$ cat upload14.cif   # mmCIF, C-alpha atoms, pLDDT in the B column; chains and numbers go by the auth columns
data_run
#
loop_
_atom_site.group_PDB
_atom_site.id
_atom_site.type_symbol
_atom_site.label_atom_id
_atom_site.label_comp_id
_atom_site.label_asym_id
_atom_site.label_seq_id
_atom_site.Cartn_x
_atom_site.Cartn_y
_atom_site.Cartn_z
_atom_site.B_iso_or_equiv
_atom_site.auth_seq_id
_atom_site.auth_asym_id
ATOM 1 C CA GLN A 1 0.000 0.000 0.000 91.00 27 A
ATOM 2 C CA VAL A 2 1.437 3.359 -1.031 94.00 28 A
ATOM 3 C CA ARG A 3 1.591 5.980 1.697 96.00 29 A
ATOM 4 C CA VAL A 4 2.559 9.631 1.408 98.00 30 A
ATOM 5 C CA VAL A 5 3.403 11.458 4.616 98.00 31 A
ATOM 6 C CA GLN A 6 4.250 15.140 4.771 98.00 32 A
ATOM 7 C CA SER A 7 6.149 17.098 7.391 97.00 33 A
ATOM 8 C CA GLY A 8 7.424 20.617 7.851 96.00 34 A
ATOM 9 C CA GLY A 9 5.709 23.905 7.146 92.00 35 A
ATOM 10 C CA GLY A 10 4.503 26.490 9.625 96.00 36 A
ATOM 11 C CA SER A 11 4.727 30.259 9.763 97.00 37 A
ATOM 12 C CA VAL A 12 7.486 32.635 8.729 97.00 38 A
ATOM 13 C CA GLN A 13 7.856 36.279 7.837 98.00 39 A
ATOM 14 C CA ALA A 14 8.040 37.416 4.247 98.00 40 A
ATOM 15 C CA GLY A 15 11.537 36.966 2.868 98.00 41 A
ATOM 16 C CA GLY A 16 12.171 33.934 5.033 98.00 42 A
ATOM 17 C CA SER A 17 12.622 30.267 4.213 98.00 43 A
ATOM 18 C CA LEU A 18 10.848 27.020 4.969 98.00 44 A
ATOM 19 C CA GLU A 19 11.284 23.395 4.005 97.00 45 A
ATOM 20 C CA LEU A 20 8.624 20.768 3.467 98.00 46 A
ATOM 21 C CA SER A 21 9.223 17.051 3.286 98.00 47 A
ATOM 22 C CA CYS A 22 7.301 14.294 1.527 98.00 48 A
ATOM 23 C CA SER A 23 8.016 10.672 2.374 97.00 49 A
ATOM 24 C CA VAL A 24 6.706 7.957 0.071 97.00 50 A
ATOM 25 C CA SER A 25 6.517 4.313 1.113 94.00 51 A
ATOM 26 C CA GLY A 26 5.064 1.153 -0.344 91.00 52 A
ATOM 27 C CA THR A 27 6.350 1.606 -3.890 90.00 53 A
ATOM 28 C CA ILE A 28 8.714 -0.662 -5.779 86.00 54 A
ATOM 29 C CA GLY A 29 11.395 1.768 -6.849 88.00 55 A
ATOM 30 C CA LYS A 30 10.921 5.471 -7.293 91.00 56 A
ATOM 31 C CA PRO A 31 7.479 6.951 -7.953 94.00 57 A
ATOM 32 C CA ASP A 32 6.963 8.051 -11.566 95.00 58 A
ATOM 33 C CA TYR A 33 6.317 11.581 -10.349 97.00 59 A
ATOM 34 C CA VAL A 34 6.271 13.394 -7.030 97.00 60 A
ATOM 35 C CA LYS A 35 4.347 16.613 -7.228 98.00 61 A
ATOM 36 C CA TRP A 36 3.836 19.559 -4.923 98.00 62 A
ATOM 37 C CA TYR A 37 0.634 21.532 -5.111 98.00 63 A
ATOM 38 C CA ARG A 38 -0.374 24.732 -3.351 98.00 64 A
ATOM 39 C CA GLN A 39 -3.979 25.405 -2.507 96.00 65 A
ATOM 40 C CA ASN A 40 -5.507 28.645 -1.298 89.00 66 A
ATOM 41 C CA PRO A 41 -8.934 30.244 -1.562 84.00 67 A
ATOM 42 C CA GLY A 42 -7.886 32.894 -4.063 81.00 68 A
ATOM 43 C CA ARG A 43 -6.071 30.697 -6.583 83.00 69 A
ATOM 44 C CA GLY A 44 -7.430 27.202 -6.121 89.00 70 A
ATOM 45 C CA ARG A 45 -5.031 24.281 -6.437 94.00 71 A
ATOM 46 C CA GLU A 46 -1.842 25.039 -8.321 95.00 72 A
ATOM 47 C CA LEU A 47 0.874 22.582 -9.342 98.00 73 A
ATOM 48 C CA ILE A 48 4.075 24.325 -8.312 98.00 74 A
ATOM 49 C CA ALA A 49 6.818 21.721 -8.615 98.00 75 A
ATOM 50 C CA LEU A 50 7.408 18.168 -9.706 98.00 76 A
ATOM 51 C CA ILE A 51 10.218 15.668 -9.975 97.00 77 A
ATOM 52 C CA THR A 52 10.177 12.636 -12.227 96.00 78 A
ATOM 53 C CA GLY A 53 11.489 9.187 -11.417 94.00 79 A
ATOM 54 C CA GLY A 54 14.513 10.071 -13.529 94.00 80 A
ATOM 55 C CA GLY A 55 15.203 13.168 -11.458 94.00 81 A
ATOM 56 C CA HIS A 56 14.001 15.844 -13.857 96.00 82 A
ATOM 57 C CA THR A 57 12.365 18.805 -12.189 97.00 83 A
ATOM 58 C CA ASN A 58 9.887 21.419 -13.310 98.00 84 A
ATOM 59 C CA TYR A 59 8.574 24.491 -11.535 98.00 85 A
ATOM 60 C CA ALA A 60 5.698 26.900 -11.949 97.00 86 A
ATOM 61 C CA ASP A 61 6.661 30.421 -12.987 97.00 87 A
ATOM 62 C CA SER A 62 5.354 31.692 -9.650 94.00 88 A
ATOM 63 C CA VAL A 63 8.057 29.809 -7.707 97.00 89 A
ATOM 64 C CA ASN A 64 10.848 29.372 -10.237 95.00 90 A
ATOM 65 C CA ASP A 65 14.238 30.527 -8.886 93.00 91 A
ATOM 66 C CA ARG A 66 12.851 30.591 -5.303 98.00 92 A
ATOM 67 C CA PHE A 67 11.878 26.958 -4.672 98.00 93 A
ATOM 68 C CA GLY A 68 13.979 23.841 -5.123 98.00 94 A
ATOM 69 C CA LEU A 69 13.389 20.084 -4.940 97.00 95 A
ATOM 70 C CA LEU A 70 15.832 17.752 -3.210 95.00 96 A
ATOM 71 C CA ARG A 71 15.553 13.978 -3.237 95.00 97 A
ATOM 72 C CA ASP A 72 17.274 11.215 -1.311 91.00 98 A
ATOM 73 C CA ASN A 73 19.164 8.455 -3.116 89.00 99 A
ATOM 74 C CA PHE A 74 16.178 6.122 -2.997 89.00 100 A
ATOM 75 C CA GLY A 75 13.881 8.735 -4.474 87.00 101 A
ATOM 76 C CA LYS A 76 11.343 8.351 -1.725 92.00 102 A
ATOM 77 C CA VAL A 77 11.994 11.394 0.460 96.00 103 A
ATOM 78 C CA ILE A 78 11.491 14.594 -1.455 97.00 104 A
ATOM 79 C CA ARG A 79 12.055 17.968 0.146 98.00 105 A
ATOM 80 C CA LEU A 80 10.714 21.260 -1.134 98.00 106 A
ATOM 81 C CA ALA A 81 13.030 24.082 -0.094 98.00 107 A
ATOM 82 C CA MET A 82 11.334 27.467 -0.245 98.00 108 A
ATOM 83 C CA TYR A 83 13.226 30.744 -0.162 98.00 109 A
ATOM 84 C CA SER A 84 12.353 34.443 -0.417 98.00 110 A
ATOM 85 C CA LEU A 85 8.832 33.628 0.628 98.00 111 A
ATOM 86 C CA LYS A 86 6.024 36.014 -0.196 96.00 112 A
ATOM 87 C CA ALA A 87 2.572 36.504 1.294 95.00 113 A
ATOM 88 C CA GLU A 88 1.052 34.907 -1.809 94.00 114 A
ATOM 89 C CA ASP A 89 2.968 31.706 -1.079 96.00 115 A
ATOM 90 C CA SER A 90 0.629 31.095 1.857 96.00 116 A
ATOM 91 C CA GLY A 91 -1.672 28.140 1.574 97.00 117 A
ATOM 92 C CA VAL A 92 -2.002 24.432 2.095 97.00 118 A
ATOM 93 C CA TYR A 93 0.785 22.490 0.427 98.00 119 A
ATOM 94 C CA LEU A 94 -0.040 19.015 -0.824 98.00 120 A
ATOM 95 C CA CYS A 95 2.370 16.343 -1.954 98.00 121 A
ATOM 96 C CA SER A 96 1.364 13.536 -4.260 98.00 122 A
ATOM 97 C CA ALA A 97 3.131 10.472 -5.598 97.00 123 A
ATOM 98 C CA GLN A 98 2.092 9.124 -8.955 96.00 124 A
ATOM 99 C CA VAL A 99 2.644 5.460 -9.729 95.00 125 A
ATOM 100 C CA GLY A 100 1.345 4.546 -13.159 94.00 126 A
ATOM 101 C CA SER A 101 -2.097 6.095 -13.385 95.00 127 A
ATOM 102 C CA GLN A 102 -2.646 6.208 -9.630 96.00 128 A
ATOM 103 C CA GLU A 103 -1.970 9.330 -7.607 96.00 129 A
ATOM 104 C CA TYR A 104 -1.543 9.064 -3.859 97.00 130 A
ATOM 105 C CA TRP A 105 -1.881 12.093 -1.615 98.00 131 A
ATOM 106 C CA GLY A 106 -0.265 13.339 1.532 98.00 132 A
ATOM 107 C CA GLN A 107 -2.253 14.917 4.316 98.00 133 A
ATOM 108 C CA GLY A 108 -1.361 18.516 3.459 97.00 134 A
ATOM 109 C CA THR A 109 0.484 21.084 5.512 97.00 135 A
ATOM 110 C CA GLN A 110 -0.240 24.739 6.164 97.00 136 A
ATOM 111 C CA VAL A 111 2.280 27.430 5.246 97.00 137 A
ATOM 112 C CA THR A 112 1.613 30.968 6.407 97.00 138 A
ATOM 113 C CA ILE A 113 3.724 33.925 5.330 97.00 139 A
ATOM 114 C CA SER A 114 3.251 37.090 7.348 96.00 140 A
ATOM 115 C CA THR A 115 4.103 40.623 6.240 92.00 141 A
#
$ encode --input "upload14.cif" --output "structure tokens"
Amino acid sequence: QVRVVQSGGGSVQAGGSLELSCSVSGTIGKPDYVKWYRQNPGRGRELIALITGGGHTNYADSVNDRFGLLRDNFGKVIRLAMYSLKAEDSGVYLCSAQVGSQEYWGQGTQVTIST
């Protein structure tokens, strides 16, 4: 059974940094994709970053050059490092692991950026 467990997050002032972690278990090998979404009332759910099983990364324009993905050697712990945070980065951050056509979700974590 595939499980996705998130940790990290919290509150920080604008300009600060935070790191989120996503731990995937129950897969044989690396997930095909691990994705990070951000959800807030004003913008809905937005895909902000992803990493493929081969290690390729892609970022939304809204976070490019400020956020980075780091992965352990087994490809099952993926960290989202967030820098130069802005008020509009606030929201619930969701991690998902895609294996074939199935997408498995973490529990979500709140990030609040204060000005």
$ resolve_selection --input "upload14.cif" --expression "the PyMOL selection byres ((chain A and resi 82) around 12)" --output "VMD selection string"
chain A and resid 58 to 61 75 to 81 83 to 85 94 to 97 101
$ residues_around --input "upload14.cif" --residues "region 111-127 of chain A" --least-positions-apart "4" --cutoff "9 Å" --atoms "all atoms listed in the file" --output "JSON, numbers by chain"
{"A": [28, 29, 30, 31, 32, 35, 37, 38, 39, 40, 41, 42, 43, 44, 46, 47, 48, 50, 53, 56, 57, 58, 59, 60, 61, 62, 63, 64, 65, 66, 67, 88, 89, 92, 131, 132, 133, 134, 135, 136, 137, 138, 139, 140, 141]}
$ atom_distance --input "upload14.cif" --atom1 "CA of Arg69 (chain A)" --atom2 "CA of Val103 (chain A)"
27.4 Å
$ atom_distance --input "upload14.cif" --atom1 "CA of Gly36 (chain A)" --atom2 "CA of Ser110 (chain A)"
15.0 Å
$ atom_distance --input "upload14.cif" --atom1 "CA of Glu129 (chain A)" --atom2 "CA of Gly68 (chain A)"
24.6 Å
$ closest_residue --input "upload14.cif" --among "A:Arg71, A:Glu45, A:Ser33, A:Tyr109" --to "Phe93 (chain A)" --atoms "all atoms listed in the file"
A:Tyr109
$ closest_residue --input "upload14.cif" --among "A:Asn90, A:Gln128, A:Gln27, A:Asp98" --to "Ile54 (chain A)" --atoms "only C-alpha atoms"
A:Gln27
